[in-house]
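Asker: The structure that follows is given in the form of structure tokens.
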Amino acid sequence: MCVGCRVRAARADLLRVVAVEGALLPDPGKRLPGRGAWLHHDPGCLEQAIRRRAFSRALRLGAMPDTSGLLRFYEAASNE
């Protein structure tokens with residue numbers, strides 16, 4: 001389920017996101033250790049997840065993690 005729009009989708013259609021040392025990192029290979037949150041490849045879903053603070057709940061973090069790395073990943077993907 002996408003943490004942004006809360007719509008169920010197949011794993012192949014979602015990007016796994018993990019928190020490493022307080023920063024969100026994309027996990028396109030779905031192999032990084034730890035709890036993951038799932039997100040559509042749509043920047044709108046990312047914006048919704050950030051606005052709703054969904055990452056801190058889904059990843060069971062005390063504070064909102066740094067999203068700058070994830071934002072750069074989405075920007076790079078949209079430029080391709």
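Naming scheme: A, B, ... for chains in displayed order of the structure tokens; residues 1 onward per chain; ligands 1 onward as shown.
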Tell me, which residues of chain A carry DSSP strand (DSSP E), written as a ChimeraX atom specification?
Answerer: /A:14-20,23-27,36-40
Asker: Using only C-alpha atoms, please write the residues we just selected to a file, as a PDB file, in the first residue's frame.
Answerer:
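Printed below is again-v5.pdb as written:
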ATOM      1  CA  LEU A  14       5.742   0.682  -5.794  1.00  0.00           C
ATOM      2  CA  LEU A  15       9.099   2.037  -4.663  1.00  0.00           C
ATOM      3  CA  ARG A  16      10.427   0.798  -1.329  1.00  0.00           C
ATOM      4  CA  VAL A  17      11.786   3.525   0.938  1.00  0.00           C
ATOM      5  CA  VAL A  18      13.937   2.914   4.027  1.00  0.00           C
ATOM      6  CA  ALA A  19      15.305   5.188   6.737  1.00  0.00           C
ATOM      7  CA  VAL A  20      19.070   5.087   7.261  1.00  0.00           C
ATOM      8  CA  ALA A  23      17.385  10.043   6.136  1.00  0.00           C
ATOM      9  CA  LEU A  24      14.998   8.429   3.669  1.00  0.00           C
ATOM     10  CA  LEU A  25      16.644   6.459   0.894  1.00  0.00           C
ATOM     11  CA  PRO A  26      15.011   4.875  -2.145  1.00  0.00           C
ATOM     12  CA  ASP A  27      15.454   1.125  -2.378  1.00  0.00           C
ATOM     13  CA  GLY A  36      10.365  -0.241   4.563  1.00  0.00           C
ATOM     14  CA  ALA A  37       7.558   2.012   3.427  1.00  0.00           C
ATOM     15  CA  TRP A  38       6.073   1.746  -0.045  1.00  0.00           C
ATOM     16  CA  LEU A  39       5.335   4.616  -2.379  1.00  0.00           C
ATOM     17  CA  HIS A  40       4.056   5.049  -5.936  1.00  0.00           C
TER      18      HIS A  40
END
Asker: Go through A:Glu75, A:Pro43, A:Leu32, A:Ala58 one by one, measure the shortest atom-to-atom distance of each to Met1 (chain A) using only C-alpha atoms, and give the residue with the smallest value.
Answerer: A:Ala58
Asker: One decimal, in Å: what's the spacing between CA of Asn79 (chain A) and CA of Met64 (chain A)?
Answerer: 26.8 Å
Asker: If you count only C-alpha atoms, which residues fall within 9 Å of Cys45 (chain A), apart from same-chain ones fewer than 5 positions away, as an MDAnalysis selection string?
Answerer: chainID A and resid 2:6 39:40 50
Asker: From chain A, collect each residue whose DSSP state is helix (DSSP H, G or I) and return the set as a list in words.
Answerer: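 The helix (DSSP H, G or I) residues within chain A come out as Arg11, Ala12, Asp13, Pro43, Gly44, Cys45, Leu46, Glu47, Gln48, Ala49, Ile50, Arg51, Ala54, Phe55, Ser56, Arg57, Ala58, Ser68, Gly69, Leu70, Leu71, Arg72, Phe73, Tyr74, Glu75, Ala76, Ala77, Ser78 and Asn79 of chain A.
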Asker: Suppose we keep N, CA and C atoms; can you now write the selection as a PDB file, in the first residue's frame?
Answerer:
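What follows is the written file selection-v8.pdb:
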ATOM      1  N   ARG A  11       3.620  -4.934  -5.742  1.00  0.00           N
ATOM      2  CA  ARG A  11       4.967  -4.545  -5.313  1.00  0.00           C
ATOM      3  C   ARG A  11       5.785  -3.968  -6.460  1.00  0.00           C
ATOM      4  N   ALA A  12       5.594  -4.493  -7.647  1.00  0.00           N
ATOM      5  CA  ALA A  12       6.351  -4.028  -8.808  1.00  0.00           C
ATOM      6  C   ALA A  12       6.016  -2.583  -9.168  1.00  0.00           C
ATOM      7  N   ASP A  13       4.853  -2.112  -8.764  1.00  0.00           N
ATOM      8  CA  ASP A  13       4.417  -0.756  -9.077  1.00  0.00           C
ATOM      9  C   ASP A  13       4.804   0.261  -8.010  1.00  0.00           C
ATOM     10  N   PRO A  43       5.264  11.788  -7.992  1.00  0.00           N
ATOM     11  CA  PRO A  43       5.668  12.835  -7.048  1.00  0.00           C
ATOM     12  C   PRO A  43       4.514  13.333  -6.171  1.00  0.00           C
ATOM     13  N   GLY A  44       3.293  13.233  -6.654  1.00  0.00           N
ATOM     14  CA  GLY A  44       2.139  13.633  -5.856  1.00  0.00           C
ATOM     15  C   GLY A  44       1.978  12.769  -4.621  1.00  0.00           C
ATOM     16  N   CYS A  45       2.258  11.481  -4.753  1.00  0.00           N
ATOM     17  CA  CYS A  45       2.184  10.578  -3.602  1.00  0.00           C
ATOM     18  C   CYS A  45       3.282  10.912  -2.592  1.00  0.00           C
ATOM     19  N   LEU A  46       4.451  11.275  -3.084  1.00  0.00           N
ATOM     20  CA  LEU A  46       5.533  11.678  -2.186  1.00  0.00           C
ATOM     21  C   LEU A  46       5.143  12.928  -1.412  1.00  0.00           C
ATOM     22  N   GLU A  47       4.570  13.910  -2.090  1.00  0.00           N
ATOM     23  CA  GLU A  47       4.144  15.142  -1.419  1.00  0.00           C
ATOM     24  C   GLU A  47       3.086  14.854  -0.357  1.00  0.00           C
ATOM     25  N   GLN A  48       2.136  13.973  -0.677  1.00  0.00           N
ATOM     26  CA  GLN A  48       1.099  13.620   0.294  1.00  0.00           C
ATOM     27  C   GLN A  48       1.698  12.940   1.514  1.00  0.00           C
ATOM     28  N   ALA A  49       2.642  12.026   1.284  1.00  0.00           N
ATOM     29  CA  ALA A  49       3.258  11.305   2.398  1.00  0.00           C
ATOM     30  C   ALA A  49       4.029  12.249   3.305  1.00  0.00           C
ATOM     31  N   ILE A  50       4.721  13.213   2.717  1.00  0.00           N
ATOM     32  CA  ILE A  50       5.465  14.187   3.517  1.00  0.00           C
ATOM     33  C   ILE A  50       4.500  15.063   4.302  1.00  0.00           C
ATOM     34  N   ARG A  51       3.457  15.539   3.633  1.00  0.00           N
ATOM     35  CA  ARG A  51       2.488  16.422   4.293  1.00  0.00           C
ATOM     36  C   ARG A  51       1.769  15.720   5.440  1.00  0.00           C
ATOM     37  N   ALA A  54       3.577  10.533   6.979  1.00  0.00           N
ATOM     38  CA  ALA A  54       3.331   9.103   6.897  1.00  0.00           C
ATOM     39  C   ALA A  54       4.600   8.273   7.077  1.00  0.00           C
ATOM     40  N   PHE A  55       5.743   8.818   6.708  1.00  0.00           N
ATOM     41  CA  PHE A  55       6.981   8.045   6.814  1.00  0.00           C
ATOM     42  C   PHE A  55       7.342   7.759   8.263  1.00  0.00           C
ATOM     43  N   SER A  56       7.192   8.733   9.127  1.00  0.00           N
ATOM     44  CA  SER A  56       7.547   8.509  10.534  1.00  0.00           C
ATOM     45  C   SER A  56       6.645   7.450  11.166  1.00  0.00           C
ATOM     46  N   ARG A  57       5.379   7.393  10.766  1.00  0.00           N
ATOM     47  CA  ARG A  57       4.475   6.363  11.286  1.00  0.00           C
ATOM     48  C   ARG A  57       4.781   5.001  10.675  1.00  0.00           C
ATOM     49  N   ALA A  58       4.936   4.949   9.357  1.00  0.00           N
ATOM     50  CA  ALA A  58       5.146   3.669   8.676  1.00  0.00           C
ATOM     51  C   ALA A  58       6.476   3.029   9.053  1.00  0.00           C
ATOM     52  N   SER A  68      15.315  14.856   1.732  1.00  0.00           N
ATOM     53  CA  SER A  68      16.018  15.479   0.606  1.00  0.00           C
ATOM     54  C   SER A  68      16.568  14.455  -0.384  1.00  0.00           C
ATOM     55  N   GLY A  69      17.086  13.330   0.090  1.00  0.00           N
ATOM     56  CA  GLY A  69      17.601  12.307  -0.812  1.00  0.00           C
ATOM     57  C   GLY A  69      16.506  11.695  -1.661  1.00  0.00           C
ATOM     58  N   LEU A  70      15.361  11.495  -1.065  1.00  0.00           N
ATOM     59  CA  LEU A  70      14.223  10.931  -1.795  1.00  0.00           C
ATOM     60  C   LEU A  70      13.685  11.935  -2.818  1.00  0.00           C
ATOM     61  N   LEU A  71      13.653  13.209  -2.447  1.00  0.00           N
ATOM     62  CA  LEU A  71      13.219  14.244  -3.395  1.00  0.00           C
ATOM     63  C   LEU A  71      14.146  14.305  -4.597  1.00  0.00           C
ATOM     64  N   ARG A  72      15.465  14.204  -4.363  1.00  0.00           N
ATOM     65  CA  ARG A  72      16.429  14.200  -5.476  1.00  0.00           C
ATOM     66  C   ARG A  72      16.217  12.993  -6.383  1.00  0.00           C
ATOM     67  N   PHE A  73      15.897  11.837  -5.805  1.00  0.00           N
ATOM     68  CA  PHE A  73      15.646  10.626  -6.577  1.00  0.00           C
ATOM     69  C   PHE A  73      14.441  10.837  -7.502  1.00  0.00           C
ATOM     70  N   TYR A  74      13.368  11.417  -6.969  1.00  0.00           N
ATOM     71  CA  TYR A  74      12.176  11.670  -7.782  1.00  0.00           C
ATOM     72  C   TYR A  74      12.442  12.701  -8.873  1.00  0.00           C
ATOM     73  N   GLU A  75      13.229  13.725  -8.572  1.00  0.00           N
ATOM     74  CA  GLU A  75      13.569  14.743  -9.575  1.00  0.00           C
ATOM     75  C   GLU A  75      14.397  14.136 -10.691  1.00  0.00           C
ATOM     76  N   ALA A  76      15.357  13.297 -10.350  1.00  0.00           N
ATOM     77  CA  ALA A  76      16.190  12.641 -11.354  1.00  0.00           C
ATOM     78  C   ALA A  76      15.358  11.706 -12.220  1.00  0.00           C
ATOM     79  N   ALA A  77      14.418  10.997 -11.615  1.00  0.00           N
ATOM     80  CA  ALA A  77      13.567  10.088 -12.367  1.00  0.00           C
ATOM     81  C   ALA A  77      12.636  10.843 -13.310  1.00  0.00           C
ATOM     82  N   SER A  78      12.172  12.012 -12.914  1.00  0.00           N
ATOM     83  CA  SER A  78      11.279  12.789 -13.771  1.00  0.00           C
ATOM     84  C   SER A  78      12.022  13.451 -14.923  1.00  0.00           C
ATOM     85  N   ASN A  79      13.335  13.659 -14.774  1.00  0.00           N
ATOM     86  CA  ASN A  79      14.125  14.267 -15.838  1.00  0.00           C
ATOM     87  C   ASN A  79      14.543  13.272 -16.904  1.00  0.00           C
TER      88      ASN A  79
END
Asker: Grab the CA of Gly22 (chain A) to CA of Asp66 (chain A) distance for me, in Å with one decimal place.
Answerer: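 Calculated distance between CA of Gly22 (chain A) and CA of Asp66 (chain A) is 6.2 Å.
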